[in-house]
Amino acid sequence: MKNFIPVFKEKNKVSEDRSKIFVASRRDFLKIGSLATGGFLLGINFQCSGPKGDVVTFAPNVYISFGSDNQVTLIAHRSEMGTGIRTSLPMIMADEIGADWSKIKIVQGEGDEDKYGNQNTDGSFSVRMFFEPMRKAGATARHMLIQAAAAKWGVDPAECYTENSEVHLKESRKKVKFGDLVQDLLVMPLPDPATIKTKELSEYKLVGTDVAIYDAKDIATGKAVFGADVNLPNMQIAMISRSPVVGAKIISYNDAKALAVPGVTQVVKIEGTGIPAGLDKPLEGLAVLASNTWAAKKGREALEIEWDLGPNQEYNSTAQLEAMAKSTLQNGKVRRERGNFNAAKSGAAKSLDKTFKIPFFAHATMEPIAVIADYKGDGSVEIWAPTQHPQWARGAVAGALGIEIDKVKMNVTLLGGGFGRKSKPDGVVEAALLSKAAKTPVRVQWTREDDLHHDFYHSHSAQRIVATLDGAGKLTGWNQHSVFPAIGATGNPDELHPSDGELGLGCTDFPFDVPNIRIETHESKAHTRIGWLRSVSNINHAFAAQCMMDEIAEARGVDPIQQAIELLGEDRDLNFAEETGGKYENYGEKIEDFPWNTGRMKKVIQAVSEKSNWSQNLAAGKAMGFAAHKSFLTYVACVVMVEKDANGNLSIPEVHYAVDCGVGVNTDRIKSQFEGGAQFATSLAMTSAITFDKGQVQQHNFDSYQIIRMPQAPKKIEVHIVPSTEKPTGVGEPPVPPYIPALANAVYKLTGNRIYELPFKI
């Protein structure tokens, strides 16, 4: 998926070659790979004052340091937003080192791509990207510790091992603490990377187990620092009245009443970019700065602004969605083709023709955006931000202020949810611009209304699928029409079709062994800011395809799980390049390294069938639905049970997932991501929708953009991890796509009503 996230190659210049969404650039991989060839082996050492005098510290690389007080400190360079990545990546290093996890100290790394490599915590690729580099970093440290201890004892290093932050001599009681080796490490040469061997997976004691999130206690007790928790001396609070329609511009304004509010100090205009809006630019608006949040809010309410609402002022999303659905009745742009679908259709004994619609979705993170900026007299700026993409934010700030990127210091706080929203740096740029204008530290505080009105929305979508069956009931043809405003259209209004990357999220990678396949897209213009939301267009595509597969199974008179296994065919690796004209992107990975394997998908389907007791005879008033979908290189199958009570109310008593994500680093976090993913997906399926009228969002808070309440939530969520030694993939986003169709299919089996549009009521 192209043209979304900038790759910052030099200073604050944004490369015209933008990285694919959720994918590290080749430069990133080369940089990360340099860890294995010595590029990150810095041999840093320094002294700092401790309670018992000077503590000497040695760092074999940028992620790990040892103190003479026996403190092992690990750097977490990715953003923590509940996924547990600040726990999982350090786990890998600690396991390789042989460190005592209970005494590990984890420090959040600042935003510095040149130092740490890619820090974009998006797209479920943190473990996938850094599993091997973290292993190598830890193994390098372990190698040096063992060499130092062996030299001290005059023994062969092969006779030593590490455990509990100590080096032990085999078959003896001799041991030495890591801290007692620091002075020796300071004079040791860094090892040849070719000599570094990582542990076998079977040797790990942390990886593959349940480990509680490192920040859990601080979060539960209120000690954890999120964006809005940062307070600086003389800091002003800013609230911004932003353009109500994307592309709107201020004609005139009167700020007298705002300035009369006690505590309000000034009103500052932020120049917007109009159309195209761009993914890293703030909307036009007026900012009210005050000594406290309440004054800023009341001052904003008192502003008098005359807007030129621009070209989108008549936009109605309902009308556009209907037009999008209607367009699928025509021939579209062919994006994948196998066989001859028209021939299959003309010779079909039966055809099924269904259209599926979804609305716009907002991210609705629990923590609205809150960013602090402190512009200094020397032209530098320091930022504190709950950002998923610190490097993009640094570059955007540098560009907006006209300074070099190395003059932007980016401190990353905890994130109260992200889902892709907090990778966009518009709020960070707002804070930097206002701090420069005000000549004082400024916190830009978004409200829930701001959050819902000015998001980068998951786009609404129409999906039409035509399936053909022959006289023997064999599925002979599959024609999917996919239409939705592309993410790239936020920055390029001429982009009217979904990109190859967006289609590769569950559409052009349709895996079933059907002889005739045609995938088509249709034009659709963006009238608001479009962005990526948890699992992106996998949501649209999985909902349509997996509901349709259930309907096909019913038409054929076969069990949907048995049909899925049958249509996946023999165990093999799939390659969609030939049928897509070489445009299948595979989440930015080489298909040879991360193949689409039908055998792995069948295993998760078989696992969920067994664990959910799919073939059981359910009591009256209960039904189960099934769906399976691969996203972000992870295989997932899902069974959802629904139940109707005596009053006709439906609930979700039970959910089963089976997942193959390769090597599972922290099974506690894998389970929690799927548990949270089920709740998230239930909201998308049942209660959440953003609509536009006259260019403006019609939902204002959680009363109108609803997240599921407790009675609507799944009661029991079982996550069954299929053991694997394959390369790690992702788990943040894969729970969402199969859940929605599994729920919809269950509702149909219980009520007899097929679901073709989200949200639906149960």
# chains A, B, ... in the order shown; residues from 1 in each chain; ligands from 1
call {"tool": "select_by_dssp", "arguments": {"residues": "range 572-668 of chain A", "states": "helix (DSSP H, G or I)", "output": "VMD selection string"}}
result
chain A and resid 578 to 580 586 to 588 598 to 611 667 to 668
call {"tool": "residues_around", "arguments": {"residues": "Ala544 in chain A", "least_positions_apart": "6", "cutoff": "10 Å", "atoms": "only C-alpha atoms", "output": "CSV table (one decimal) with N, CA, C and O atoms, in the first residue's frame"}}
result
chain,number,residue,atom,x,y,z
A,354,LYS,N,-24.6,-10.8,-4.0
A,354,LYS,CA,-24.9,-10.0,-2.8
A,354,LYS,C,-23.9,-8.8,-2.7
A,354,LYS,O,-22.8,-8.9,-3.1
A,355,THR,N,-24.5,-7.8,-2.1
A,355,THR,CA,-23.7,-6.6,-1.8
A,355,THR,C,-23.6,-6.3,-0.3
A,355,THR,O,-24.7,-6.4,0.4
A,356,PHE,N,-22.5,-6.0,0.2
A,356,PHE,CA,-22.2,-5.7,1.6
A,356,PHE,C,-21.7,-4.3,1.8
A,356,PHE,O,-20.9,-3.8,1.0
A,357,LYS,N,-22.2,-3.7,2.8
A,357,LYS,CA,-21.9,-2.3,3.1
A,357,LYS,C,-21.4,-2.1,4.5
A,357,LYS,O,-21.9,-2.7,5.4
A,358,ILE,N,-20.4,-1.2,4.6
A,358,ILE,CA,-19.9,-0.8,6.0
A,358,ILE,C,-19.8,0.7,6.0
A,358,ILE,O,-19.6,1.3,5.0
A,462,ALA,N,-18.4,-0.5,-0.1
A,462,ALA,CA,-19.4,-1.4,-0.7
A,462,ALA,C,-18.6,-2.5,-1.4
A,462,ALA,O,-17.6,-2.3,-2.1
A,463,GLN,N,-19.0,-3.7,-1.1
A,463,GLN,CA,-18.4,-4.9,-1.7
A,463,GLN,C,-19.6,-5.8,-2.3
A,463,GLN,O,-20.5,-6.2,-1.6
A,464,ARG,N,-19.5,-6.0,-3.6
A,464,ARG,CA,-20.4,-6.8,-4.3
A,464,ARG,C,-19.7,-8.1,-4.7
A,464,ARG,O,-18.6,-8.1,-5.3
A,465,ILE,N,-20.3,-9.3,-4.3
A,465,ILE,CA,-19.7,-10.5,-4.7
A,465,ILE,C,-20.7,-11.4,-5.5
A,465,ILE,O,-21.9,-11.5,-5.1
A,480,GLN,N,-15.5,-10.4,-7.1
A,480,GLN,CA,-15.6,-9.5,-6.0
A,480,GLN,C,-15.3,-8.1,-6.5
A,480,GLN,O,-14.3,-7.8,-7.1
A,482,SER,N,-14.8,-4.3,-5.2
A,482,SER,CA,-14.4,-3.6,-4.0
A,482,SER,C,-14.3,-2.1,-4.3
A,482,SER,O,-13.6,-1.7,-5.2
A,506,GLY,N,-6.9,-8.9,2.2
A,506,GLY,CA,-8.1,-9.8,2.2
A,506,GLY,C,-8.9,-9.8,1.0
A,506,GLY,O,-10.0,-10.5,1.0
A,507,CYS,N,-8.5,-9.2,-0.1
A,507,CYS,CA,-9.3,-9.2,-1.4
A,507,CYS,C,-8.6,-10.0,-2.5
A,507,CYS,O,-9.0,-11.0,-2.9
A,538,ASN,N,-8.9,-5.1,5.6
A,538,ASN,CA,-9.3,-6.5,5.9
A,538,ASN,C,-10.7,-6.5,6.5
A,538,ASN,O,-11.4,-7.5,6.4
A,740,ILE,N,-16.1,-10.4,12.9
A,740,ILE,CA,-17.4,-9.8,12.4
A,740,ILE,C,-18.2,-10.7,11.6
A,740,ILE,O,-19.4,-10.9,11.8
A,741,PRO,N,-17.6,-11.4,10.5
A,741,PRO,CA,-18.5,-12.3,9.8
A,741,PRO,C,-18.9,-13.6,10.6
A,741,PRO,O,-20.0,-14.1,10.4
A,755,ILE,N,-26.9,-10.9,7.3
A,755,ILE,CA,-26.4,-9.6,7.5
A,755,ILE,C,-25.6,-9.1,6.3
A,755,ILE,O,-24.7,-9.8,5.9
A,756,TYR,N,-26.0,-8.0,5.8
A,756,TYR,CA,-25.3,-7.4,4.6
A,756,TYR,C,-24.8,-6.0,4.9
A,756,TYR,O,-24.1,-5.4,4.0
A,757,GLU,N,-25.1,-5.4,6.0
A,757,GLU,CA,-24.7,-4.1,6.3
A,757,GLU,C,-24.3,-3.9,7.8
A,757,GLU,O,-25.0,-4.4,8.6
call {"tool": "residues_around", "arguments": {"residues": "Lys583 in chain A", "least_positions_apart": "3", "cutoff": "12 Å", "atoms": "only C-alpha atoms", "output": "list of chain:residue names"}}
result
A:Met1, A:Lys2, A:Arg335, A:Arg336, A:Ser499, A:Asp500, A:Gly501, A:Glu502, A:Leu503, A:Gly504, A:Thr508, A:Asp509, A:Asn575, A:Phe576, A:Ala577, A:Glu578, A:Glu579, A:Thr580, A:Asn586, A:Tyr587, A:Gly588, A:Ile591
call {"tool": "closest_residue", "arguments": {"among": "A:Ala141, A:Met134, A:Glu337, A:His541", "to": "Gly582 in chain A", "atoms": "only C-alpha atoms"}}
result
A:Glu337
call {"tool": "residues_around", "arguments": {"residues": "Pro390 in chain A", "least_positions_apart": "5", "cutoff": "12 Å", "atoms": "only C-alpha atoms", "output": "ChimeraX atom specification"}}
result
/A:5-8,77-79,109-114,116-122,383-385,395-397,405,408-413,422-425,428-429
call {"tool": "write_last_selection", "arguments": {"atoms": "N, CA, C and O atoms", "output": "compact mmCIF listing (two decimals), in the first residue's frame"}}
result
# COMPACT_ATOMS: atom_id res chain seq x y z
N ILE A 5 3.04 6.68 4.49
CA ILE A 5 3.89 7.09 5.60
C ILE A 5 5.26 7.51 5.06
O ILE A 5 5.90 6.74 4.36
N PRO A 6 5.72 8.71 5.36
CA PRO A 6 7.00 9.15 4.82
C PRO A 6 8.16 8.35 5.39
O PRO A 6 8.15 7.95 6.53
N VAL A 7 9.16 8.15 4.58
CA VAL A 7 10.44 7.63 5.06
C VAL A 7 11.38 8.82 5.15
O VAL A 7 11.62 9.51 4.16
N PHE A 8 11.89 9.11 6.34
CA PHE A 8 12.76 10.26 6.50
C PHE A 8 14.19 9.82 6.24
O PHE A 8 14.79 9.13 7.04
N HIS A 77 12.01 0.57 22.45
CA HIS A 77 12.04 1.64 21.45
C HIS A 77 10.75 1.72 20.64
O HIS A 77 10.64 2.54 19.73
N ARG A 78 9.78 0.88 20.96
CA ARG A 78 8.48 0.94 20.29
C ARG A 78 7.46 1.56 21.26
O ARG A 78 7.70 1.64 22.46
N SER A 79 6.31 1.98 20.75
CA SER A 79 5.33 2.70 21.55
C SER A 79 4.36 1.74 22.23
O SER A 79 3.82 0.84 21.59
N GLY A 109 12.68 4.37 25.03
CA GLY A 109 13.61 5.11 24.20
C GLY A 109 12.93 6.32 23.58
O GLY A 109 11.75 6.28 23.25
N GLU A 110 13.67 7.41 23.43
CA GLU A 110 13.10 8.59 22.76
C GLU A 110 12.98 8.30 21.28
O GLU A 110 13.51 7.31 20.76
N GLY A 111 12.26 9.15 20.59
CA GLY A 111 12.12 8.99 19.15
C GLY A 111 13.42 9.33 18.44
O GLY A 111 13.80 10.50 18.37
N ASP A 112 14.11 8.31 17.95
CA ASP A 112 15.39 8.53 17.28
C ASP A 112 15.65 7.33 16.37
O ASP A 112 16.24 6.33 16.77
N GLU A 113 15.19 7.45 15.13
CA GLU A 113 15.30 6.33 14.20
C GLU A 113 16.74 6.00 13.86
O GLU A 113 17.09 4.83 13.66
N ASP A 114 17.60 7.01 13.80
CA ASP A 114 19.00 6.75 13.48
C ASP A 114 19.66 5.89 14.55
O ASP A 114 20.58 5.13 14.28
N TYR A 116 17.81 3.78 16.91
CA TYR A 116 17.12 2.53 17.25
C TYR A 116 16.56 1.77 16.06
O TYR A 116 16.08 0.66 16.21
N GLY A 117 16.58 2.36 14.86
CA GLY A 117 15.88 1.74 13.76
C GLY A 117 14.42 2.14 13.76
O GLY A 117 14.00 3.03 14.49
N ASN A 118 13.64 1.50 12.93
CA ASN A 118 12.24 1.85 12.75
C ASN A 118 11.49 1.82 14.08
O ASN A 118 11.56 0.86 14.84
N GLN A 119 10.74 2.89 14.36
CA GLN A 119 9.97 2.97 15.60
C GLN A 119 8.48 3.12 15.33
O GLN A 119 7.72 3.41 16.26
N ASN A 120 8.05 2.91 14.11
CA ASN A 120 6.64 3.04 13.76
C ASN A 120 5.86 1.84 14.30
O ASN A 120 5.88 0.76 13.74
N THR A 121 5.18 2.06 15.41
CA THR A 121 4.45 0.96 16.06
C THR A 121 3.05 0.89 15.46
O THR A 121 2.06 1.34 16.03
N ASP A 122 3.00 0.29 14.29
CA ASP A 122 1.79 0.20 13.50
C ASP A 122 1.84 -1.12 12.74
O ASP A 122 2.92 -1.68 12.54
N ILE A 383 9.33 17.65 22.48
CA ILE A 383 7.95 17.18 22.41
C ILE A 383 7.75 16.02 23.38
O ILE A 383 8.63 15.18 23.55
N TRP A 384 6.57 15.99 23.99
CA TRP A 384 6.11 14.81 24.75
C TRP A 384 4.80 14.38 24.11
O TRP A 384 3.83 15.15 24.11
N ALA A 385 4.78 13.18 23.53
CA ALA A 385 3.60 12.80 22.74
C ALA A 385 3.29 11.32 22.87
O ALA A 385 4.20 10.48 22.85
N GLY A 395 9.74 14.45 11.83
CA GLY A 395 9.89 15.02 10.50
C GLY A 395 8.81 16.03 10.18
O GLY A 395 9.09 17.07 9.56
N ALA A 396 7.58 15.74 10.60
CA ALA A 396 6.48 16.66 10.34
C ALA A 396 6.67 17.97 11.11
O ALA A 396 6.41 19.06 10.58
N VAL A 397 7.14 17.87 12.34
CA VAL A 397 7.40 19.07 13.14
C VAL A 397 8.55 19.88 12.53
O VAL A 397 8.47 21.11 12.40
N ILE A 405 15.78 18.22 11.46
CA ILE A 405 15.10 17.19 12.25
C ILE A 405 15.85 16.89 13.55
O ILE A 405 15.24 16.52 14.55
N VAL A 408 14.64 18.46 16.80
CA VAL A 408 13.36 18.03 17.39
C VAL A 408 13.63 16.84 18.29
O VAL A 408 14.04 15.77 17.83
N LYS A 409 13.43 17.02 19.60
CA LYS A 409 13.57 15.93 20.56
C LYS A 409 12.18 15.37 20.84
O LYS A 409 11.27 16.11 21.21
N MET A 410 12.02 14.06 20.66
CA MET A 410 10.70 13.44 20.77
C MET A 410 10.68 12.44 21.94
O MET A 410 11.31 11.39 21.88
N ASN A 411 9.97 12.81 23.00
CA ASN A 411 9.76 11.91 24.13
C ASN A 411 8.44 11.18 23.92
O ASN A 411 7.40 11.81 23.69
N VAL A 412 8.47 9.86 24.04
CA VAL A 412 7.28 9.05 23.78
C VAL A 412 6.65 8.63 25.11
O VAL A 412 7.28 7.93 25.91
N THR A 413 5.42 9.07 25.35
CA THR A 413 4.70 8.66 26.56
C THR A 413 3.91 7.40 26.27
O THR A 413 3.85 6.92 25.13
N LYS A 422 -2.93 7.36 16.29
CA LYS A 422 -1.83 8.14 16.85
C LYS A 422 -0.51 7.96 16.11
O LYS A 422 0.53 8.40 16.57
N SER A 423 -0.58 7.32 14.96
CA SER A 423 0.58 7.37 14.08
C SER A 423 0.58 8.67 13.27
O SER A 423 1.63 9.12 12.82
N LYS A 424 -0.60 9.29 13.10
CA LYS A 424 -0.68 10.55 12.36
C LYS A 424 -0.19 11.69 13.25
O LYS A 424 -0.61 11.81 14.40
N PRO A 425 0.66 12.57 12.73
CA PRO A 425 1.30 13.58 13.58
C PRO A 425 0.63 14.95 13.59
O PRO A 425 1.24 15.93 14.02
N VAL A 428 0.68 16.63 16.94
CA VAL A 428 2.04 16.98 17.34
C VAL A 428 2.46 18.28 16.67
O VAL A 428 3.07 19.16 17.29
N VAL A 429 2.14 18.41 15.40
CA VAL A 429 2.47 19.63 14.67
C VAL A 429 1.73 20.83 15.27
O VAL A 429 2.30 21.92 15.43
call {"tool": "residues_around", "arguments": {"residues": "Val442 in chain A", "least_positions_apart": "4", "cutoff": "10 Å", "atoms": "only C-alpha atoms", "output": "PyMOL selection string"}}
result
chain A and resi 231-232+234-238+289-291+371-375+383+430-438
call {"tool": "decode", "arguments": {"residues": "range 656-667 of chain A", "atoms": "all heavy atoms", "output": "mmCIF file, in the first residue's frame"}}
result
data_model
loop_
_atom_site.group_PDB
_atom_site.id
_atom_site.type_symbol
_atom_site.label_atom_id
_atom_site.label_comp_id
_atom_site.auth_asym_id
_atom_site.auth_seq_id
_atom_site.Cartn_x
_atom_site.Cartn_y
_atom_site.Cartn_z
ATOM 1 N N HIS A 656 -14.521 -18.384 20.338
ATOM 2 C CA HIS A 656 -13.296 -19.180 20.249
ATOM 3 C C HIS A 656 -12.460 -18.692 19.069
ATOM 4 O O HIS A 656 -12.964 -18.523 17.964
ATOM 5 C CB HIS A 656 -13.611 -20.667 20.042
ATOM 6 C CG HIS A 656 -14.140 -21.337 21.268
ATOM 7 N ND1 HIS A 656 -13.337 -21.986 22.183
ATOM 8 C CD2 HIS A 656 -15.409 -21.442 21.733
ATOM 9 C CE1 HIS A 656 -14.095 -22.469 23.170
ATOM 10 N NE2 HIS A 656 -15.358 -22.151 22.914
ATOM 11 N N TYR A 657 -11.194 -18.454 19.346
ATOM 12 C CA TYR A 657 -10.214 -18.138 18.304
ATOM 13 C C TYR A 657 -9.167 -19.253 18.279
ATOM 14 O O TYR A 657 -8.747 -19.751 19.329
ATOM 15 C CB TYR A 657 -9.454 -16.856 18.628
ATOM 16 C CG TYR A 657 -10.130 -15.545 18.352
ATOM 17 C CD1 TYR A 657 -10.544 -14.725 19.394
ATOM 18 C CD2 TYR A 657 -10.284 -15.070 17.043
ATOM 19 C CE1 TYR A 657 -11.110 -13.476 19.161
ATOM 20 C CE2 TYR A 657 -10.854 -13.827 16.797
ATOM 21 C CZ TYR A 657 -11.265 -13.038 17.850
ATOM 22 O OH TYR A 657 -11.815 -11.801 17.611
ATOM 23 N N ALA A 658 -8.699 -19.585 17.088
ATOM 24 C CA ALA A 658 -7.462 -20.350 16.933
ATOM 25 C C ALA A 658 -6.526 -19.509 16.091
ATOM 26 O O ALA A 658 -6.935 -18.942 15.062
ATOM 27 C CB ALA A 658 -7.727 -21.691 16.266
ATOM 28 N N VAL A 659 -5.275 -19.390 16.539
ATOM 29 C CA VAL A 659 -4.344 -18.470 15.880
ATOM 30 C C VAL A 659 -2.974 -19.113 15.705
ATOM 31 O O VAL A 659 -2.453 -19.759 16.610
ATOM 32 C CB VAL A 659 -4.221 -17.153 16.682
ATOM 33 C CG1 VAL A 659 -3.887 -17.418 18.142
ATOM 34 C CG2 VAL A 659 -3.178 -16.225 16.085
ATOM 35 N N ASP A 660 -2.427 -18.933 14.520
ATOM 36 C CA ASP A 660 -1.039 -19.303 14.232
ATOM 37 C C ASP A 660 -0.310 -18.025 13.848
ATOM 38 O O ASP A 660 -0.477 -17.504 12.742
ATOM 39 C CB ASP A 660 -0.995 -20.316 13.091
ATOM 40 C CG ASP A 660 0.428 -20.690 12.678
ATOM 41 O OD1 ASP A 660 1.387 -20.112 13.227
ATOM 42 O OD2 ASP A 660 0.586 -21.551 11.785
ATOM 43 N N CYS A 661 0.486 -17.515 14.788
ATOM 44 C CA CYS A 661 1.253 -16.288 14.554
ATOM 45 C C CYS A 661 2.748 -16.581 14.551
ATOM 46 O O CYS A 661 3.563 -15.727 14.891
ATOM 47 C CB CYS A 661 0.918 -15.239 15.608
ATOM 48 S SG CYS A 661 1.215 -15.766 17.308
ATOM 49 N N GLY A 662 3.107 -17.817 14.182
ATOM 50 C CA GLY A 662 4.511 -18.194 14.268
ATOM 51 C C GLY A 662 4.913 -18.318 15.725
ATOM 52 O O GLY A 662 4.090 -18.651 16.588
ATOM 53 N N VAL A 663 6.177 -18.061 16.019
ATOM 54 C CA VAL A 663 6.644 -18.120 17.406
ATOM 55 C C VAL A 663 5.882 -17.083 18.226
ATOM 56 O O VAL A 663 5.897 -15.896 17.915
ATOM 57 C CB VAL A 663 8.159 -17.846 17.490
ATOM 58 C CG1 VAL A 663 8.602 -17.774 18.950
ATOM 59 C CG2 VAL A 663 8.935 -18.916 16.744
ATOM 60 N N GLY A 664 5.222 -17.538 19.269
ATOM 61 C CA GLY A 664 4.496 -16.624 20.151
ATOM 62 C C GLY A 664 5.401 -16.175 21.283
ATOM 63 O O GLY A 664 5.798 -16.995 22.118
ATOM 64 N N VAL A 665 5.730 -14.893 21.333
ATOM 65 C CA VAL A 665 6.690 -14.419 22.331
ATOM 66 C C VAL A 665 6.054 -14.361 23.714
ATOM 67 O O VAL A 665 6.535 -14.978 24.660
ATOM 68 C CB VAL A 665 7.256 -13.041 21.932
ATOM 69 C CG1 VAL A 665 8.109 -12.454 23.065
ATOM 70 C CG2 VAL A 665 8.088 -13.164 20.664
ATOM 71 N N ASN A 666 4.966 -13.606 23.841
ATOM 72 C CA ASN A 666 4.314 -13.443 25.144
ATOM 73 C C ASN A 666 2.877 -13.903 24.992
ATOM 74 O O ASN A 666 2.021 -13.178 24.481
ATOM 75 C CB ASN A 666 4.369 -11.983 25.599
ATOM 76 C CG ASN A 666 3.853 -11.800 27.024
ATOM 77 O OD1 ASN A 666 3.224 -12.684 27.596
ATOM 78 N ND2 ASN A 666 4.118 -10.632 27.594
ATOM 79 N N THR A 667 2.588 -15.112 25.418
ATOM 80 C CA THR A 667 1.256 -15.684 25.207
ATOM 81 C C THR A 667 0.175 -14.919 25.962
ATOM 82 O O THR A 667 -0.982 -14.889 25.529
ATOM 83 C CB THR A 667 1.240 -17.170 25.599
ATOM 84 O OG1 THR A 667 1.796 -17.325 26.918
ATOM 85 C CG2 THR A 667 2.075 -17.991 24.634
#
